[in-house]
Amino acid sequence: MAVTFDLLVIGDDAPSLCAAAAAAAGGASTALAATGAVTYGGPSVCDIPNFVWRRLDLQEFGLETEPVSARITLLADGQTTTTYRSLEETVDALREVDADGAALWPEMTDDMRALGESGLAAGVSGTAPNTLSLMSDMRAFADLGRVAGSGEELVEDYVNGGPLNAHINAHALAPFGLGGVEAGSAAALPEFFDEHAWRVRAKSGARSIIGALRKACERNGVATTPAGVEKATADGAKHNSITFKGGEKVRSRYIFFACPDAAEAAGYGGAGQGGPPVAAPANGARAVMRIKLRDRVAPPVGDSSALFQIVDDGSDLKDARAAALGGRIFDRMPVEFEFTDKGDIVARTSYVPKRLQEEGEWRDWTGQDRQLLSTILLNRLVSRIDGLQDQIRKTDLKVVDRTVAGDEKFAGARNVVLQPRRHDAIAAAVTLIDKVLADD
């Protein structure tokens, strides 16, 4: 007879591992299923908040983290804009490029965090909304209107154009493949300013974040299953029966995806559903490129520990999204990248069309298309990193597709919980799983 669990978490990434370990530490019988796919990411993850750290005692697994040093946007003509975790450092840095923006940054930070703490942004973005209790407050109506609008308009309430405007939009919206003009895209901004949205890396010489979280899962009694769900269907009044490749089965009350990446890799067609900011372009995929170098290159502005965005100006986001929706590969692709401890580079973009359109006909990707995308991404990086071209030893490009609803493996399952794409995915995943289990 199949073993029965309260919860099956599917995913190989940090939010999935944290959710599984935290649920087990809270007393839920929990299983963890790998997707069987490579986790496409970089050396950094969103911050692991104190309440998760304390519950799991992560220091016992050799985990030591440090925040990325800065968020840096590399604009056209050598312009850069930088913000830091420290409010004071950010204001000092912004005075060099945007005196008005520097003056408004503290006010914007306070306002955005207040919006996030109100729960309004979460309600718009598709997670557990708690706005109804606020509707007697007229201020809540105004706040709801702000986060339900466009990201472009919300940023322009504080910064009307210029490099700081492009910087905020690039770092807040580009990970979701948004252009900033969509209704509800403003909901990504309050979370971007949340302290848990800041990214961290394992300290040099310490255990990797993923390795430490796997150990935390083992310590807290999380069961492991084979990789690769074959099918999930309702089984009785409250449970699901999940069959894995190879035929092994388990039963689970809930199936939990801590992020759309895990859902996509597992074949859950709901991965592309939900309201902004989680919804990427309807024809959207993502691309991840790993670049191995012969020798290290000097990082932009001398900072190898930062998280970088490449945009020529703020219009790149809108144009790239429009291109993806139209089935075109944009030649000024916004690119996020960071350096690994070994000096290699991991680059990402969320503005890749799932299918391409040529002479009015839709078609699948070819090897030539992937070569073109690879060339565009490399050209964007070479234009911002001096000496990179001569040091490239090997590149590996992955186009991460979005599962088509209806072609997935979970159509007959119940109680499937999918967390939308979040800046603070770890904090949000553990909070959401606590709520799901408490409401059982």
# chains A, B, ... in the order shown; residues from 1 in each chain; ligands from 1

call {"tool": "closest_atom_pairs", "arguments": {"of": "region 356-434 of chain A", "to": "region 78-89 of chain A", "cutoff": "12 Å", "atoms": "only C-alpha atoms", "output": "tab-separated table"}}
result
residue	atom	partner	partner_atom	distance
A:Ser383	CA	A:Gly78	CA	9.5
A:Arg384	CA	A:Gly78	CA	7.8
A:Ile385	CA	A:Gly78	CA	10.5
A:Asp386	CA	A:Gly78	CA	11.3

call {"tool": "write_last_selection", "arguments": {"atoms": "C-alpha atoms", "output": "mmCIF file, in the first residue's frame"}}
result
data_model
loop_
_atom_site.group_PDB
_atom_site.id
_atom_site.type_symbol
_atom_site.label_atom_id
_atom_site.label_comp_id
_atom_site.auth_asym_id
_atom_site.auth_seq_id
_atom_site.Cartn_x
_atom_site.Cartn_y
_atom_site.Cartn_z
ATOM 1 C CA SER A 383 29.166 45.083 -24.547
ATOM 2 C CA ARG A 384 29.247 45.587 -20.766
ATOM 3 C CA ILE A 385 32.169 43.419 -19.595
ATOM 4 C CA ASP A 386 35.590 44.451 -20.836
#

call {"tool": "select_by_dssp", "arguments": {"residues": "region 205-281 of chain A", "states": "strand (DSSP E)", "output": "ChimeraX atom specification"}}
result
/A:223-224,229-235,239-244,249-257

call {"tool": "write_last_selection", "arguments": {"atoms": "C-alpha atoms", "output": "compact mmCIF listing (two decimals), in the first residue's frame"}}
result
# COMPACT_ATOMS: atom_id res chain seq x y z
CA ALA A 223 10.98 11.56 2.94
CA THR A 224 12.42 11.51 -0.56
CA VAL A 229 6.05 12.63 -11.47
CA GLU A 230 4.29 10.51 -14.07
CA LYS A 231 0.72 11.30 -13.00
CA ALA A 232 -1.25 12.70 -10.07
CA THR A 233 -4.96 12.01 -9.57
CA ALA A 234 -7.52 12.38 -6.80
CA ASP A 235 -7.68 9.35 -4.50
CA HIS A 239 -5.98 12.67 -0.98
CA ASN A 240 -4.08 12.35 -4.23
CA SER A 241 -2.33 9.34 -5.65
CA ILE A 242 1.01 10.27 -7.22
CA THR A 243 2.79 7.85 -9.55
CA PHE A 244 6.48 8.35 -10.36
CA LYS A 249 3.38 5.53 -5.74
CA VAL A 250 2.65 7.73 -2.73
CA ARG A 251 -0.52 9.39 -1.45
CA SER A 252 -0.64 13.01 -0.30
CA ARG A 253 -3.23 15.41 1.07
CA TYR A 254 -1.60 18.40 -0.62
CA ILE A 255 0.76 18.86 -3.55
CA PHE A 256 2.85 22.01 -3.16
CA PHE A 257 4.93 23.94 -5.69

call {"tool": "select_by_dssp", "arguments": {"residues": "region 34-198 of chain A", "states": "alpha helix (DSSP H)", "output": "PyMOL selection string"}}
result
chain A and resi 50-56+87-94+99-117+120-125+138-148+151-156+162-173+188-192

call {"tool": "residues_around", "arguments": {"residues": "Cys18 (chain A)", "least_positions_apart": "6", "cutoff": "8 Å", "atoms": "only C-alpha atoms", "output": "ChimeraX atom specification"}}
result
/A:52,213,217,426,429-430

call {"tool": "write_last_selection", "arguments": {"atoms": "N, CA and C atoms", "output": "JSON list (two decimals), in the first residue's frame"}}
result
[["chain", "number", "residue", "atom", "x", "y", "z"],
["A", 52, "VAL", "N", 12.58, 31.40, 9.37],
["A", 52, "VAL", "CA", 12.87, 30.11, 8.75],
["A", 52, "VAL", "C", 14.18, 29.56, 9.29],
["A", 213, "LEU", "N", 20.28, 22.97, 2.89],
["A", 213, "LEU", "CA", 18.83, 22.79, 2.97],
["A", 213, "LEU", "C", 18.44, 21.32, 2.78],
["A", 217, "CYS", "N", 16.34, 19.04, 5.45],
["A", 217, "CYS", "CA", 15.21, 18.17, 5.11],
["A", 217, "CYS", "C", 15.41, 16.78, 5.72],
["A", 426, "ILE", "N", 11.28, 32.38, -0.59],
["A", 426, "ILE", "CA", 11.46, 31.49, 0.56],
["A", 426, "ILE", "C", 10.52, 31.89, 1.69],
["A", 429, "ALA", "N", 6.96, 31.14, 0.63],
["A", 429, "ALA", "CA", 6.64, 29.71, 0.54],
["A", 429, "ALA", "C", 6.37, 29.12, 1.92],
["A", 430, "VAL", "N", 7.22, 29.44, 2.89],
["A", 430, "VAL", "CA", 7.03, 28.89, 4.24],
["A", 430, "VAL", "C", 5.76, 29.47, 4.86]]

call {"tool": "residues_around", "arguments": {"residues": "region 204-212 of chain A", "least_positions_apart": "5", "cutoff": "7 Å", "atoms": "only C-alpha atoms", "output": "list of chain:residue names"}}
result
A:Ala14, A:Phe61, A:Gly62, A:Leu63, A:Glu64

call {"tool": "residues_around", "arguments": {"residues": "Arg55 (chain A)", "least_positions_apart": "6", "cutoff": "9 Å", "atoms": "only C-alpha atoms", "output": "mmCIF file with C-alpha atoms, in the first residue's frame"}}
result
data_model
loop_
_atom_site.group_PDB
_atom_site.id
_atom_site.type_symbol
_atom_site.label_atom_id
_atom_site.label_comp_id
_atom_site.auth_asym_id
_atom_site.auth_seq_id
_atom_site.Cartn_x
_atom_site.Cartn_y
_atom_site.Cartn_z
ATOM 1 C CA ALA A 22 9.728 23.801 7.595
ATOM 2 C CA ALA A 25 9.667 20.642 11.444
ATOM 3 C CA GLY A 26 6.127 21.847 12.154
#

call {"tool": "decode", "arguments": {"residues": "region 277-375 of chain A", "atoms": "C-alpha atoms", "output": "PDB file, in the first residue's frame"}}
result
ATOM      1  CA  PRO A 277       3.213  39.863 -11.209  1.00  0.00           C
ATOM      2  CA  VAL A 278       3.438  36.104 -11.581  1.00  0.00           C
ATOM      3  CA  ALA A 279       2.097  35.879 -15.109  1.00  0.00           C
ATOM      4  CA  ALA A 280       4.846  36.127 -17.683  1.00  0.00           C
ATOM      5  CA  PRO A 281       3.978  36.896 -21.294  1.00  0.00           C
ATOM      6  CA  ALA A 282       1.457  34.391 -22.643  1.00  0.00           C
ATOM      7  CA  ASN A 283       4.021  33.318 -25.230  1.00  0.00           C
ATOM      8  CA  GLY A 284       6.893  33.511 -22.764  1.00  0.00           C
ATOM      9  CA  ALA A 285       9.750  31.202 -21.889  1.00  0.00           C
ATOM     10  CA  ARG A 286      13.039  31.894 -20.126  1.00  0.00           C
ATOM     11  CA  ALA A 287      16.670  31.390 -21.028  1.00  0.00           C
ATOM     12  CA  VAL A 288      19.665  30.661 -18.826  1.00  0.00           C
ATOM     13  CA  MET A 289      23.230  30.772 -20.110  1.00  0.00           C
ATOM     14  CA  ARG A 290      26.252  29.532 -18.185  1.00  0.00           C
ATOM     15  CA  ILE A 291      29.565  30.875 -19.446  1.00  0.00           C
ATOM     16  CA  LYS A 292      32.826  29.209 -18.449  1.00  0.00           C
ATOM     17  CA  LEU A 293      35.918  31.380 -18.783  1.00  0.00           C
ATOM     18  CA  ARG A 294      39.582  30.598 -19.391  1.00  0.00           C
ATOM     19  CA  ASP A 295      40.649  33.290 -16.940  1.00  0.00           C
ATOM     20  CA  ARG A 296      38.726  35.666 -14.756  1.00  0.00           C
ATOM     21  CA  VAL A 297      37.663  38.996 -16.192  1.00  0.00           C
ATOM     22  CA  ALA A 298      37.317  42.276 -14.350  1.00  0.00           C
ATOM     23  CA  PRO A 299      33.640  42.668 -13.369  1.00  0.00           C
ATOM     24  CA  PRO A 300      31.739  45.856 -14.223  1.00  0.00           C
ATOM     25  CA  VAL A 301      32.516  48.669 -11.766  1.00  0.00           C
ATOM     26  CA  GLY A 302      34.902  46.247 -10.035  1.00  0.00           C
ATOM     27  CA  ASP A 303      32.206  44.337  -8.137  1.00  0.00           C
ATOM     28  CA  SER A 304      32.046  40.564  -8.676  1.00  0.00           C
ATOM     29  CA  SER A 305      29.537  40.071  -5.846  1.00  0.00           C
ATOM     30  CA  ALA A 306      26.714  42.168  -7.303  1.00  0.00           C
ATOM     31  CA  LEU A 307      23.556  41.205  -9.159  1.00  0.00           C
ATOM     32  CA  PHE A 308      23.575  42.937 -12.554  1.00  0.00           C
ATOM     33  CA  GLN A 309      20.884  43.951 -15.042  1.00  0.00           C
ATOM     34  CA  ILE A 310      21.651  45.041 -18.608  1.00  0.00           C
ATOM     35  CA  VAL A 311      19.171  47.435 -20.226  1.00  0.00           C
ATOM     36  CA  ASP A 312      19.831  50.270 -22.641  1.00  0.00           C
ATOM     37  CA  ASP A 313      16.926  52.258 -21.198  1.00  0.00           C
ATOM     38  CA  GLY A 314      13.571  51.632 -19.545  1.00  0.00           C
ATOM     39  CA  SER A 315      11.787  51.031 -22.849  1.00  0.00           C
ATOM     40  CA  ASP A 316      13.741  47.778 -23.328  1.00  0.00           C
ATOM     41  CA  LEU A 317      11.372  45.955 -20.975  1.00  0.00           C
ATOM     42  CA  LYS A 318       8.239  46.930 -22.880  1.00  0.00           C
ATOM     43  CA  ASP A 319       9.834  46.261 -26.260  1.00  0.00           C
ATOM     44  CA  ALA A 320      11.206  42.887 -25.176  1.00  0.00           C
ATOM     45  CA  ARG A 321       7.838  41.787 -23.807  1.00  0.00           C
ATOM     46  CA  ALA A 322       6.084  42.876 -27.008  1.00  0.00           C
ATOM     47  CA  ALA A 323       8.623  40.915 -29.051  1.00  0.00           C
ATOM     48  CA  ALA A 324       8.064  37.757 -26.977  1.00  0.00           C
ATOM     49  CA  LEU A 325       4.305  38.071 -27.361  1.00  0.00           C
ATOM     50  CA  GLY A 326       4.785  38.474 -31.112  1.00  0.00           C
ATOM     51  CA  GLY A 327       7.032  35.435 -31.384  1.00  0.00           C
ATOM     52  CA  ARG A 328      10.220  37.395 -32.045  1.00  0.00           C
ATOM     53  CA  ILE A 329      13.689  37.292 -30.480  1.00  0.00           C
ATOM     54  CA  PHE A 330      14.470  40.817 -29.301  1.00  0.00           C
ATOM     55  CA  ASP A 331      17.915  42.088 -30.258  1.00  0.00           C
ATOM     56  CA  ARG A 332      18.272  44.313 -27.144  1.00  0.00           C
ATOM     57  CA  MET A 333      17.285  41.594 -24.702  1.00  0.00           C
ATOM     58  CA  PRO A 334      17.294  42.641 -21.024  1.00  0.00           C
ATOM     59  CA  VAL A 335      19.790  40.373 -19.281  1.00  0.00           C
ATOM     60  CA  GLU A 336      20.379  39.617 -15.604  1.00  0.00           C
ATOM     61  CA  PHE A 337      23.730  38.099 -14.667  1.00  0.00           C
ATOM     62  CA  GLU A 338      26.050  37.351 -11.795  1.00  0.00           C
ATOM     63  CA  PHE A 339      29.522  35.895 -11.267  1.00  0.00           C
ATOM     64  CA  THR A 340      30.144  32.551  -9.576  1.00  0.00           C
ATOM     65  CA  ASP A 341      32.897  31.961  -7.007  1.00  0.00           C
ATOM     66  CA  LYS A 342      35.017  30.500  -9.808  1.00  0.00           C
ATOM     67  CA  GLY A 343      34.668  33.667 -11.864  1.00  0.00           C
ATOM     68  CA  ASP A 344      32.283  32.169 -14.412  1.00  0.00           C
ATOM     69  CA  ILE A 345      29.034  33.910 -15.368  1.00  0.00           C
ATOM     70  CA  VAL A 346      25.375  32.889 -15.146  1.00  0.00           C
ATOM     71  CA  ALA A 347      23.056  35.027 -17.298  1.00  0.00           C
ATOM     72  CA  ARG A 348      19.242  34.923 -17.437  1.00  0.00           C
ATOM     73  CA  THR A 349      16.394  36.534 -19.319  1.00  0.00           C
ATOM     74  CA  SER A 350      12.612  36.112 -19.049  1.00  0.00           C
ATOM     75  CA  TYR A 351      11.769  37.683 -22.416  1.00  0.00           C
ATOM     76  CA  VAL A 352      12.078  34.639 -24.659  1.00  0.00           C
ATOM     77  CA  PRO A 353       9.169  33.617 -26.924  1.00  0.00           C
ATOM     78  CA  LYS A 354       7.904  30.115 -26.330  1.00  0.00           C
ATOM     79  CA  ARG A 355       7.160  29.748 -30.028  1.00  0.00           C
ATOM     80  CA  LEU A 356       8.333  31.862 -32.934  1.00  0.00           C
ATOM     81  CA  GLN A 357       6.291  33.531 -35.634  1.00  0.00           C
ATOM     82  CA  GLU A 358       7.541  33.710 -39.206  1.00  0.00           C
ATOM     83  CA  GLU A 359       5.497  35.098 -42.099  1.00  0.00           C
ATOM     84  CA  GLY A 360       2.332  34.860 -40.026  1.00  0.00           C
ATOM     85  CA  GLU A 361       2.875  31.217 -39.055  1.00  0.00           C
ATOM     86  CA  TRP A 362       3.822  29.944 -35.608  1.00  0.00           C
ATOM     87  CA  ARG A 363       6.647  27.406 -35.368  1.00  0.00           C
ATOM     88  CA  ASP A 364       8.845  25.675 -32.819  1.00  0.00           C
ATOM     89  CA  TRP A 365      12.433  26.563 -32.021  1.00  0.00           C
ATOM     90  CA  THR A 366      15.282  25.335 -34.193  1.00  0.00           C
ATOM     91  CA  GLY A 367      18.979  24.991 -33.505  1.00  0.00           C
ATOM     92  CA  GLN A 368      19.548  28.113 -35.575  1.00  0.00           C
ATOM     93  CA  ASP A 369      17.126  30.061 -33.350  1.00  0.00           C
ATOM     94  CA  ARG A 370      18.988  28.970 -30.233  1.00  0.00           C
ATOM     95  CA  GLN A 371      22.247  30.003 -31.835  1.00  0.00           C
ATOM     96  CA  LEU A 372      20.801  33.453 -32.560  1.00  0.00           C
ATOM     97  CA  LEU A 373      19.572  33.839 -28.970  1.00  0.00           C
ATOM     98  CA  SER A 374      22.958  32.720 -27.657  1.00  0.00           C
ATOM     99  CA  THR A 375      24.695  35.294 -29.874  1.00  0.00           C
TER     100      THR A 375
END
